[in-house]
Every structure is written in structure tokens, then in C-alpha cells.
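Read through the structure below, which is laid out as C-alpha cells, and then see the notes.
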Amino acid sequence: MESTKKSDFGLIGLAVMGQNLVLNVESRGFQVSVYNRTTETMEKFVAANPGKNLVGEQTLEGFIASLERPRKVMIMVKAGAPVDKVIEQLLPLLEEGDLIIDGGNSLYTDSERRTAELEGKGILFVGTGVSGGEEGALKGPSIMPGGPESSWKIIQPIFEAISAKVDGVPCVTHIGPGGAGHFVKMVHNGIEYGDMQLICEAYNIFKAAGFTAEELAAVFEEWNAGDLESYLIQITSKIFTIKDDESGKPLVDVIVDKAGQKGTGMWTLMSGVENAIVISTINAAVEARILSSMKDQRVAAEPELAGPSAGDLDLGDITKEELVKQVKDALYASKIISYAQGLDLIKTVGEKQKWGLDLGAIARIWRGGCIIRARFLNHITEAYESDPSLTNLMLAPFFQEVLSDTQSNWRETVALAVKTGIPVPAFSASLSYYDSYRSGRLPANLLQAQRDFFGAHTYERLDKPAGEYFHTDWPDVVED
């Protein structure tokens, strides 16, 4: 629509996420200007939404001129070079105090760089994580903005209006300076990888035990009414109810078992390695996706490599109801581990970067809108509100109790899967992390002896003060 009034908000990049965000913002009473590199896309979008408070612009110059100052420009384009290209085109048109918001899944170090570069030009930059997919973008996502505090004050009214709400509380908060917003979104996605893989492993066990699609739908629907209530459990229950129009089979059974990924999971792994933080559940999930993509190799190896057949799962004296209880406990416990590892990474990097992150507030905004939203995020929020210096989520009283109550079935589930040849990399990695973390003594003493033997790397002694190092003249190895 034509308007002489300046728009409250502008968005560049009208793919589905961008379009839905625009409609969300407009529905909250704001006028929105839109621009797309392909003009036809912009014109079709505006024409498809008659009567809405939208201003379509064919040029960047017109787009910028249509915005109220300080201008708030959100970019929704592919991460990497395309974001830099749009910023480069915007800079000559913007004025001091204007605000650029990158709402894509950008690498947080890119956001750190862009923040520093634009600050020198008087332009505010916000790297913003947006979670919730297409539906969340339209109805209310979880939003994780980083950048200077002054930028948050500018965008706060709009972001709070469009975000999801839980108990009336907006699922958005100022995460921290620089790349903090995109970093937290990256780890959110890593946790999401873990969550999804754990659910898939539970499904694989049930499938091997002969559960029908109808039974699976009922199991996940029941779980979604209890402690495991979450968006991912909910959609999983619905997936099992859908039939394929062509074959009449459950749709899930005709989908090729090759998983895709867009990079945030791998970025999370690299960050874990760089910061010496164990995120083994997320690592197992990423590797499971990679192995799934090796479909031809797996099919060729199946008749060649010996082992029990996952299709021959014999429940023995265990009923299906008992198996459901065992797997549920394994899933719940492993899910806690996935979040504990992700939050440990956020905590560690936040402290290194001096971002001043509030883990309780981060958990709070994940309760609605985002893909990993779940009932137990309330308990995570409470854990960090009760003890902001909590070393690890597992040590919070609520989660200690859950892990204690579920671990017997957790171990039974992993053991059953291993005996039957069912791959459960995320269940296993989660349990190993838990057992390692609770072990006051690990076999790393032998590892240190090995390192000192071949490389004179030295070691500490139990009976000497910490920080005092020793070396042994080990005997020579006589080669045959």
C-alpha cells in the first residue's frame, strides 16, 4: 500500500522465514517496509497481502528512505558472504544511530567482526538468533539478540511484541554484546541436534521391538502429556499418524534415512573443541547425521559385517509397556545431559568473552517459540535462578533426583540396544558422560604415564602438591 508515513521496521530477504516475520510484525500494529533482490518476489508478497500495513520498495534507496529513524533494518538472507554484501550496499544509505539486524543463522564470530566494523561507522549491529521455524516466525518465535545494550532498547518494543509468550513473559531478552546472540542460537541448534537424535534412537528401539505406527503415535502422545512434553515430542507423535498417499504405508517408512544439516551443529562441535568443553551427546548426533548420509556404503556393508540383527530384538520377559518405561527414562536422562553440555559450553564461552550471560534468562526464553521448547525448561530456569554459579546442570537438586531415578532404566536401555546391535550413539555418549563426570578417579593416570613414557610430558603425583610435576626414566622398549 502507498503511505507517506514512515515505516517502523524494514526487512530485506523475502524467503518464507522473512515473509512470516514481516506478517508477524505487521500484525502487532507496526508498519513494515520490505525489499527483495528479486523485485517480482516482493511485489507478489505485497499483492498477496492486501489491506496490510506493508510498503514494498523496488530499490534499496527507496527502502531506506521509507523507514523512520533510527532505522531498524532486519536482514534475512543466507549466512556468510550474502550478509556482508547486503551490509556493504546498505552502508552508504544509512546514518549514524541506525540499526542493522542479522536474523539468519550466522556464525557468531562473523557477528563479532561485523559489530566491531560497524561500530566504527556509527551504525548499530545486532546478531539475532531466531528459532521456531516458519510457524514460529509467523506466530511468535524465540528471539536471541546480541549487540550493544543501546541497540536492544531500540528494538525491544518490536521484538517483545512479536516473540512467543509463556505465562505472559516474552520469549526474548538481550543476550549480551557482540556475537552473544548468534552464539547462543548456535548452541540452541546443537542441543536441538541432540534432542532429535535421542528421539530417533528411542524410535529405532521401538521399531526393532515391532511397534506399529499407531502404537508409536500413542507412546509419543502419552509422553507429551508428561515430563517429556516438548515441541519435538509433539510433532513426532503426529508424524506417525500420517499415511503415504501412494503406498498407504506410514509416511515415515517411505522416507529415505539420510539426514541433512546446515552447519550449526558442526559449528557447535568446533566451539566445544576450541574451548575444551565436552559436548559428546551433540557430537554423537552430528556424527549420526553424517553416517546416515553414507547410505550406499551402509547398504553395501550390511551383509558383509557380522553382528546381531536389529530386527531380531527379543524382549524376553519384558513387556512392551515395560520397554516404553525404560526407553522413556533413558530419553529423559539423556536429554538432561544434552542440555547440561550445551549450557556448559554457553557458560564457558560467555565467561571467556565477558558477555555476562544469564543462563536462567536464556532457558526462560527457550520455553516458547523455539524448536527445543519443553516443559523441563522451567526447571532449568529455576535451577539457574536458585544458583547462578551452578557448575553443571546435573548438580541442581531437581536434576540430580531425576538422574538418580532414571539411571537404572537408562542403563538397561543402552545394554539392550548394544546386545541387539541397535546403534544408540547419543544414549551411550550421554551415559558415558554422566559416569565419567561422577567418577572421582578416571584412568587418565595411565594415559599420563604413557605420555611421559614416549614424550617426557611429565605428570603430577597424588601424594605431592598440585602443580608439582615429575618425570620418570622409563625402561627402553626392545623391538623384535
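Letters A, B, ... mark the chains of the C-alpha cells in the order given; residue numbers begin at 1 per chain; ligand numbers begin at 1, in order shown.
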
Exercise: Ile64 in chain A partners within 10 Å, only C-alpha atoms, chain neighbours under 6 positions left out, as a VMD selection string = chain A and resid 6 to 7 10 33 to 35 57 71 to 73 90 93 to 94

Enumerate as a count of residues only all residues of range 49-188 of chain A assigned to helix (DSSP H, G or I) by DSSP on the backbone, naming them with the chain letters and numbers the document uses.
-> 61

Range 114-130 of chain A surroundings by only C-alpha atoms, 9 Å radius, close-in-sequence under 5 positions cut, as JSON, numbers by chain | {"A": [84, 91, 94, 95, 96, 97, 98, 99, 100, 101, 102, 103, 104, 105, 106, 108, 109, 136, 137, 141, 142, 143, 144, 145, 146, 147, 148, 150, 151, 152, 177, 178, 179, 180, 181, 182, 183, 184, 185, 186, 370]}

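Separating CA of Arg373 in chain A from CA of Val254 in chain A is a distance of 28.1 Å.
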
Select, from A:Ser27, A:Leu313, A:Lys347, A:Asp110, the residue with the minimum atom-to-atom distance to Lys419 in chain A, counting only C-alpha atoms.
->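 Among A:Ser27, A:Leu313, A:Lys347, A:Asp110, it is A:Leu313 that comes nearest to Lys419 in chain A.
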
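In this comparison, which uses only C-alpha atoms, the residue of A:Ala426, A:Asp244, A:Glu412, A:Leu359 approaching Asp387 in chain A most closely is A:Leu359.
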
Within 9 Å of Ala383 in chain A using only C-alpha atoms, minus same-chain residues under 5 positions, as a PyMOL selection string | chain A and resi 360+378+388+390+393+396-399

Could you write those residues out with N, CA, C and O atoms, as a PDB file, in the first residue's frame?
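Okay, this is what ended up in part06.pdb:
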ATOM      1  N   GLY A 360      19.780 -18.542  33.312  1.00  0.00           N
ATOM      2  CA  GLY A 360      18.373 -18.658  33.673  1.00  0.00           C
ATOM      3  C   GLY A 360      17.484 -17.934  32.687  1.00  0.00           C
ATOM      4  O   GLY A 360      16.428 -18.441  32.279  1.00  0.00           O
ATOM      5  N   ASN A 378      11.382 -25.064  32.418  1.00  0.00           N
ATOM      6  CA  ASN A 378      11.010 -24.349  33.646  1.00  0.00           C
ATOM      7  C   ASN A 378      11.941 -24.737  34.784  1.00  0.00           C
ATOM      8  O   ASN A 378      12.365 -23.892  35.586  1.00  0.00           O
ATOM      9  N   PRO A 388      22.968 -19.077  40.362  1.00  0.00           N
ATOM     10  CA  PRO A 388      23.535 -18.569  39.115  1.00  0.00           C
ATOM     11  C   PRO A 388      24.948 -19.092  38.829  1.00  0.00           C
ATOM     12  O   PRO A 388      25.382 -19.089  37.674  1.00  0.00           O
ATOM     13  N   LEU A 390      25.924 -22.177  39.294  1.00  0.00           N
ATOM     14  CA  LEU A 390      25.836 -23.633  39.168  1.00  0.00           C
ATOM     15  C   LEU A 390      26.887 -24.144  38.191  1.00  0.00           C
ATOM     16  O   LEU A 390      26.966 -23.710  37.047  1.00  0.00           O
ATOM     17  N   LEU A 393      24.490 -28.385  35.138  1.00  0.00           N
ATOM     18  CA  LEU A 393      23.056 -28.583  35.344  1.00  0.00           C
ATOM     19  C   LEU A 393      22.758 -29.874  36.107  1.00  0.00           C
ATOM     20  O   LEU A 393      21.816 -29.939  36.893  1.00  0.00           O
ATOM     21  N   ALA A 396      22.166 -29.592  39.919  1.00  0.00           N
ATOM     22  CA  ALA A 396      20.983 -28.959  40.511  1.00  0.00           C
ATOM     23  C   ALA A 396      20.137 -30.044  41.177  1.00  0.00           C
ATOM     24  O   ALA A 396      19.973 -31.137  40.630  1.00  0.00           O
ATOM     25  N   PRO A 397      19.594 -29.793  42.370  1.00  0.00           N
ATOM     26  CA  PRO A 397      18.859 -30.828  43.107  1.00  0.00           C
ATOM     27  C   PRO A 397      17.785 -31.541  42.290  1.00  0.00           C
ATOM     28  O   PRO A 397      17.681 -32.768  42.346  1.00  0.00           O
ATOM     29  N   PHE A 398      16.992 -30.787  41.524  1.00  0.00           N
ATOM     30  CA  PHE A 398      15.925 -31.420  40.742  1.00  0.00           C
ATOM     31  C   PHE A 398      16.505 -32.426  39.765  1.00  0.00           C
ATOM     32  O   PHE A 398      16.005 -33.559  39.631  1.00  0.00           O
ATOM     33  N   PHE A 399      17.569 -32.044  39.052  1.00  0.00           N
ATOM     34  CA  PHE A 399      18.124 -32.922  38.029  1.00  0.00           C
ATOM     35  C   PHE A 399      18.939 -34.057  38.632  1.00  0.00           C
ATOM     36  O   PHE A 399      18.994 -35.149  38.049  1.00  0.00           O
TER      37      PHE A 399
END

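With CA of Ile205 in chain A on one side and CA of Lys328 in chain A on the other, the separation reads 11.3 Å.
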